[in-house]
Amino acid sequence: MNEASVEQRLKKKVKENGGLALKLVSPGFAGVPDRLVLFNGSKVAFVELKAPAKKLRALQRKRKKQLDALGFKVYMIDSYEAIDRMLEEMV
């Protein structure tokens with residue numbers, strides 16, 4: 001399993017549950033999470049995808065703290081099980 005397969009699974013599962021998993025691109029503001037996940041009822045979360053057992057880089061940790069401080073959920077997902085846990089919380 002690699003990061004790409006985890007990302008494909010995330011997109012599929014979010015869509016199956018009626019949501020969107022939008023790719024984030026932020027020129028000039030590095031370190032933002034890979035995906036913005038949206039569900040009915042104004043449920044919003046940011047998702048940083050990683051290969052299994054990989055860790056967040058320092059800048060990614062900083063961006064996670066910034067988004068947490070603003071009240072957003074930020075998930076670090078590195079497995080299919082982590083996707084399932086996120087969906088249990090959000091759907």
# chains A, B, ... in the order shown; residues from 1 in each chain; ligands from 1
call {"tool": "residues_around", "arguments": {"residues": "Glu88 in chain A", "least_positions_apart": "6", "cutoff": "12 Å", "atoms": "only C-alpha atoms", "output": "list in words"}}
result
Lys13, Val14, Asn17, Glu81 and Ala82 of chain A
call {"tool": "residues_around", "arguments": {"residues": "Met76 in chain A", "least_positions_apart": "4", "cutoff": "8 Å", "atoms": "only C-alpha atoms", "output": "VMD selection string"}}
result
chain A and resid 47 to 50
call {"tool": "write_last_selection", "arguments": {"atoms": "C-alpha atoms", "output": "tab-separated table (two decimals), in the first residue's frame"}}
result
chain	number	residue	atom	x	y	z
A	47	VAL	CA	-6.83	15.47	5.20
A	48	GLU	CA	-3.08	14.96	4.89
A	49	LEU	CA	-2.38	11.67	3.15
A	50	LYS	CA	0.74	9.63	3.86
call {"tool": "select_by_dssp", "arguments": {"residues": "chain A", "states": "helix (DSSP H, G or I)", "output": "PyMOL selection string"}}
result
chain A and resi 3-16+58-69+80-90
call {"tool": "write_last_selection", "arguments": {"atoms": "N, CA, C and O atoms", "output": "CSV table (one decimal), in the first residue's frame"}}
result
chain,number,residue,atom,x,y,z
A,3,GLU,N,0.9,5.9,-0.7
A,3,GLU,CA,0.0,7.0,-0.5
A,3,GLU,C,-1.0,7.2,-1.6
A,3,GLU,O,-2.2,7.5,-1.3
A,4,ALA,N,-0.7,6.9,-2.9
A,4,ALA,CA,-1.6,7.0,-4.0
A,4,ALA,C,-2.8,6.0,-3.8
A,4,ALA,O,-4.0,6.4,-4.0
A,5,SER,N,-2.6,4.8,-3.3
A,5,SER,CA,-3.7,3.9,-3.1
A,5,SER,C,-4.6,4.4,-1.9
A,5,SER,O,-5.8,4.2,-2.0
A,6,VAL,N,-4.0,4.9,-0.9
A,6,VAL,CA,-4.8,5.5,0.2
A,6,VAL,C,-5.6,6.6,-0.3
A,6,VAL,O,-6.8,6.7,0.1
A,7,GLU,N,-5.0,7.5,-1.1
A,7,GLU,CA,-5.8,8.6,-1.6
A,7,GLU,C,-7.0,8.2,-2.5
A,7,GLU,O,-8.1,8.7,-2.4
A,8,GLN,N,-6.7,7.2,-3.4
A,8,GLN,CA,-7.8,6.7,-4.2
A,8,GLN,C,-9.0,6.1,-3.4
A,8,GLN,O,-10.1,6.3,-3.6
A,9,ARG,N,-8.6,5.4,-2.3
A,9,ARG,CA,-9.6,4.8,-1.4
A,9,ARG,C,-10.4,5.9,-0.7
A,9,ARG,O,-11.6,5.8,-0.6
A,10,LEU,N,-9.7,6.9,-0.2
A,10,LEU,CA,-10.3,8.1,0.4
A,10,LEU,C,-11.4,8.7,-0.5
A,10,LEU,O,-12.5,8.9,-0.1
A,11,LYS,N,-11.0,9.0,-1.7
A,11,LYS,CA,-11.9,9.6,-2.7
A,11,LYS,C,-13.1,8.8,-2.9
A,11,LYS,O,-14.3,9.2,-2.9
A,12,LYS,N,-12.9,7.5,-3.1
A,12,LYS,CA,-14.0,6.5,-3.3
A,12,LYS,C,-15.0,6.5,-2.2
A,12,LYS,O,-16.2,6.6,-2.3
A,13,LYS,N,-14.4,6.3,-0.9
A,13,LYS,CA,-15.3,6.2,0.2
A,13,LYS,C,-16.0,7.5,0.6
A,13,LYS,O,-17.2,7.4,1.0
A,14,VAL,N,-15.4,8.6,0.4
A,14,VAL,CA,-16.1,9.9,0.6
A,14,VAL,C,-17.2,10.0,-0.3
A,14,VAL,O,-18.3,10.4,0.0
A,15,LYS,N,-17.0,9.7,-1.6
A,15,LYS,CA,-18.0,9.8,-2.6
A,15,LYS,C,-19.2,8.8,-2.3
A,15,LYS,O,-20.4,9.2,-2.4
A,16,GLU,N,-18.9,7.6,-1.9
A,16,GLU,CA,-19.9,6.6,-1.6
A,16,GLU,C,-20.8,7.1,-0.4
A,16,GLU,O,-21.9,6.7,-0.3
A,58,ALA,N,7.8,18.9,9.3
A,58,ALA,CA,7.7,20.1,10.2
A,58,ALA,C,6.7,21.1,9.8
A,58,ALA,O,5.9,21.6,10.5
A,59,LEU,N,6.8,21.5,8.5
A,59,LEU,CA,5.9,22.5,8.0
A,59,LEU,C,4.4,22.0,8.0
A,59,LEU,O,3.5,22.7,8.3
A,60,GLN,N,4.2,20.7,7.7
A,60,GLN,CA,2.9,20.1,7.7
A,60,GLN,C,2.4,20.1,9.2
A,60,GLN,O,1.2,20.4,9.4
A,61,ARG,N,3.2,19.8,10.1
A,61,ARG,CA,2.8,19.9,11.6
A,61,ARG,C,2.4,21.3,11.9
A,61,ARG,O,1.4,21.6,12.6
A,62,LYS,N,3.1,22.3,11.4
A,62,LYS,CA,2.8,23.7,11.7
A,62,LYS,C,1.4,24.1,11.1
A,62,LYS,O,0.6,24.7,11.7
A,63,ARG,N,1.2,23.7,9.8
A,63,ARG,CA,-0.1,24.0,9.2
A,63,ARG,C,-1.3,23.3,9.9
A,63,ARG,O,-2.3,23.8,10.1
A,64,LYS,N,-1.0,22.0,10.4
A,64,LYS,CA,-2.0,21.3,11.1
A,64,LYS,C,-2.4,22.1,12.4
A,64,LYS,O,-3.6,22.3,12.7
A,65,LYS,N,-1.4,22.6,13.1
A,65,LYS,CA,-1.6,23.4,14.3
A,65,LYS,C,-2.4,24.6,14.0
A,65,LYS,O,-3.3,25.0,14.8
A,66,GLN,N,-2.1,25.3,12.9
A,66,GLN,CA,-2.8,26.5,12.5
A,66,GLN,C,-4.3,26.2,12.2
A,66,GLN,O,-5.2,27.0,12.7
A,67,LEU,N,-4.5,25.2,11.5
A,67,LEU,CA,-5.9,24.8,11.2
A,67,LEU,C,-6.7,24.3,12.4
A,67,LEU,O,-7.9,24.7,12.6
A,68,ASP,N,-6.0,23.6,13.3
A,68,ASP,CA,-6.6,23.1,14.6
A,68,ASP,C,-7.0,24.4,15.4
A,68,ASP,O,-8.1,24.4,15.9
A,69,ALA,N,-6.1,25.4,15.4
A,69,ALA,CA,-6.4,26.6,16.2
A,69,ALA,C,-7.6,27.3,15.7
A,69,ALA,O,-8.3,28.0,16.5
A,80,TYR,N,-6.2,2.4,5.2
A,80,TYR,CA,-7.7,2.2,5.0
A,80,TYR,C,-8.5,2.3,6.3
A,80,TYR,O,-9.6,2.9,6.3
A,81,GLU,N,-7.9,1.8,7.3
A,81,GLU,CA,-8.6,1.8,8.6
A,81,GLU,C,-8.7,3.3,9.1
A,81,GLU,O,-9.7,3.6,9.7
A,82,ALA,N,-7.7,4.1,8.8
A,82,ALA,CA,-7.8,5.5,9.2
A,82,ALA,C,-8.9,6.2,8.5
A,82,ALA,O,-9.6,7.1,9.0
A,83,ILE,N,-9.1,5.9,7.2
A,83,ILE,CA,-10.2,6.4,6.4
A,83,ILE,C,-11.5,6.0,7.1
A,83,ILE,O,-12.4,6.9,7.3
A,84,ASP,N,-11.7,4.8,7.5
A,84,ASP,CA,-12.9,4.3,8.1
A,84,ASP,C,-13.2,5.1,9.4
A,84,ASP,O,-14.3,5.5,9.7
A,85,ARG,N,-12.1,5.3,10.2
A,85,ARG,CA,-12.3,6.1,11.5
A,85,ARG,C,-12.7,7.5,11.2
A,85,ARG,O,-13.6,8.0,11.9
A,86,MET,N,-12.1,8.1,10.2
A,86,MET,CA,-12.5,9.5,9.8
A,86,MET,C,-14.0,9.5,9.4
A,86,MET,O,-14.7,10.4,9.9
A,87,LEU,N,-14.4,8.6,8.6
A,87,LEU,CA,-15.8,8.6,8.2
A,87,LEU,C,-16.8,8.3,9.3
A,87,LEU,O,-17.9,8.9,9.3
A,88,GLU,N,-16.4,7.5,10.3
A,88,GLU,CA,-17.3,7.3,11.4
A,88,GLU,C,-17.5,8.6,12.2
A,88,GLU,O,-18.6,8.8,12.7
A,89,GLU,N,-16.5,9.4,12.3
A,89,GLU,CA,-16.6,10.7,13.0
A,89,GLU,C,-17.4,11.7,12.2
A,89,GLU,O,-18.1,12.5,12.8
A,90,MET,N,-17.3,11.7,10.9
A,90,MET,CA,-17.8,12.8,10.0
A,90,MET,C,-19.2,12.5,9.5
A,90,MET,O,-20.0,13.4,9.3
call {"tool": "atom_distance", "arguments": {"atom1": "CA of Val37 in chain A", "atom2": "CA of Ala53 in chain A"}}
result
22.1 Å
call {"tool": "select_by_dssp", "arguments": {"residues": "range 1-85 of chain A", "states": "strand (DSSP E or B)", "output": "JSON, numbers by chain"}}
result
{"A": [20, 21, 22, 23, 35, 36, 37, 38, 39, 43, 44, 45, 46, 47, 48, 49, 73, 74, 75, 76, 77]}
call {"tool": "residues_around", "arguments": {"residues": "Ser42 in chain A", "least_positions_apart": "2", "cutoff": "12 Å", "atoms": "only C-alpha atoms", "output": "list in words"}}
result
Gly19, Leu20, Val37, Leu38, Phe39, Asn40, Val44, Ala45, Phe72, Met90 and Val91 of chain A
call {"tool": "decode", "arguments": {"residues": "chain A", "atoms": "C-alpha atoms", "output": "compact mmCIF listing (two decimals), in the first residue's frame"}}
result
# COMPACT_ATOMS: atom_id res chain seq x y z
CA MET A 1 0.00 0.00 0.00
CA ASN A 2 1.29 3.47 -0.88
CA GLU A 3 0.03 7.04 -0.55
CA ALA A 4 -1.65 6.98 -3.96
CA SER A 5 -3.71 3.90 -3.09
CA VAL A 6 -4.77 5.45 0.22
CA GLU A 7 -5.79 8.63 -1.63
CA GLN A 8 -7.83 6.69 -4.20
CA ARG A 9 -9.61 4.81 -1.42
CA LEU A 10 -10.34 8.07 0.43
CA LYS A 11 -11.89 9.63 -2.68
CA LYS A 12 -14.00 6.52 -3.34
CA LYS A 13 -15.27 6.16 0.25
CA VAL A 14 -16.07 9.87 0.64
CA LYS A 15 -18.05 9.80 -2.62
CA GLU A 16 -19.90 6.63 -1.55
CA ASN A 17 -20.97 8.51 1.60
CA GLY A 18 -22.25 11.52 -0.34
CA GLY A 19 -19.30 13.83 0.18
CA LEU A 20 -16.56 15.52 -1.78
CA ALA A 21 -12.80 15.07 -1.38
CA LEU A 22 -11.34 18.08 -3.14
CA LYS A 23 -7.64 18.27 -4.02
CA LEU A 24 -6.03 21.32 -2.39
CA VAL A 25 -3.43 23.35 -4.24
CA SER A 26 -2.20 26.46 -2.50
CA PRO A 27 0.47 28.37 -4.42
CA GLY A 28 2.54 30.51 -2.09
CA PHE A 29 1.39 28.69 1.06
CA ALA A 30 3.24 25.39 1.33
CA GLY A 31 2.42 22.57 3.70
CA VAL A 32 -1.37 22.63 3.42
CA PRO A 33 -3.14 19.26 3.63
CA ASP A 34 -3.74 17.27 0.44
CA ARG A 35 -7.55 17.14 0.51
CA LEU A 36 -10.52 19.15 1.72
CA VAL A 37 -13.34 16.76 2.67
CA LEU A 38 -16.91 18.08 2.70
CA PHE A 39 -20.11 16.41 3.84
CA ASN A 40 -23.74 17.50 4.12
CA GLY A 41 -24.50 19.58 7.17
CA SER A 42 -21.44 21.84 6.79
CA LYS A 43 -19.06 19.11 7.92
CA VAL A 44 -15.53 20.06 6.85
CA ALA A 45 -12.16 18.44 7.43
CA PHE A 46 -8.67 18.69 6.02
CA VAL A 47 -6.83 15.47 5.20
CA GLU A 48 -3.08 14.96 4.89
CA LEU A 49 -2.38 11.67 3.15
CA LYS A 50 0.74 9.63 3.86
CA ALA A 51 2.12 6.24 3.00
CA PRO A 52 1.78 3.81 5.92
CA ALA A 53 4.08 4.68 8.84
CA LYS A 54 5.24 7.98 7.29
CA LYS A 55 5.19 11.08 9.51
CA LEU A 56 4.22 14.71 8.94
CA ARG A 57 7.04 17.05 7.98
CA ALA A 58 7.73 20.06 10.23
CA LEU A 59 5.86 22.49 7.96
CA GLN A 60 2.89 20.12 7.75
CA ARG A 61 2.78 19.92 11.56
CA LYS A 62 2.78 23.74 11.67
CA ARG A 63 -0.12 23.97 9.18
CA LYS A 64 -2.04 21.32 11.15
CA LYS A 65 -1.64 23.39 14.33
CA GLN A 66 -2.81 26.53 12.52
CA LEU A 67 -5.93 24.81 11.18
CA ASP A 68 -6.61 23.15 14.55
CA ALA A 69 -6.41 26.57 16.22
CA LEU A 70 -9.05 27.86 13.80
CA GLY A 71 -11.36 25.03 14.84
CA PHE A 72 -11.03 22.77 11.79
CA LYS A 73 -10.60 19.01 11.95
CA VAL A 74 -7.33 17.85 10.43
CA TYR A 75 -6.74 14.15 9.84
CA MET A 76 -3.48 12.42 8.98
CA ILE A 77 -4.49 9.33 7.04
CA ASP A 78 -2.02 6.55 6.23
CA SER A 79 -4.27 3.47 6.00
CA TYR A 80 -7.68 2.23 4.95
CA GLU A 81 -8.55 1.84 8.65
CA ALA A 82 -7.79 5.54 9.23
CA ILE A 83 -10.21 6.40 6.42
CA ASP A 84 -12.91 4.32 8.12
CA ARG A 85 -12.27 6.05 11.47
CA MET A 86 -12.54 9.51 9.85
CA LEU A 87 -15.80 8.55 8.15
CA GLU A 88 -17.26 7.26 11.43
CA GLU A 89 -16.61 10.68 12.97
CA MET A 90 -17.84 12.75 10.04
CA VAL A 91 -20.83 10.93 8.55
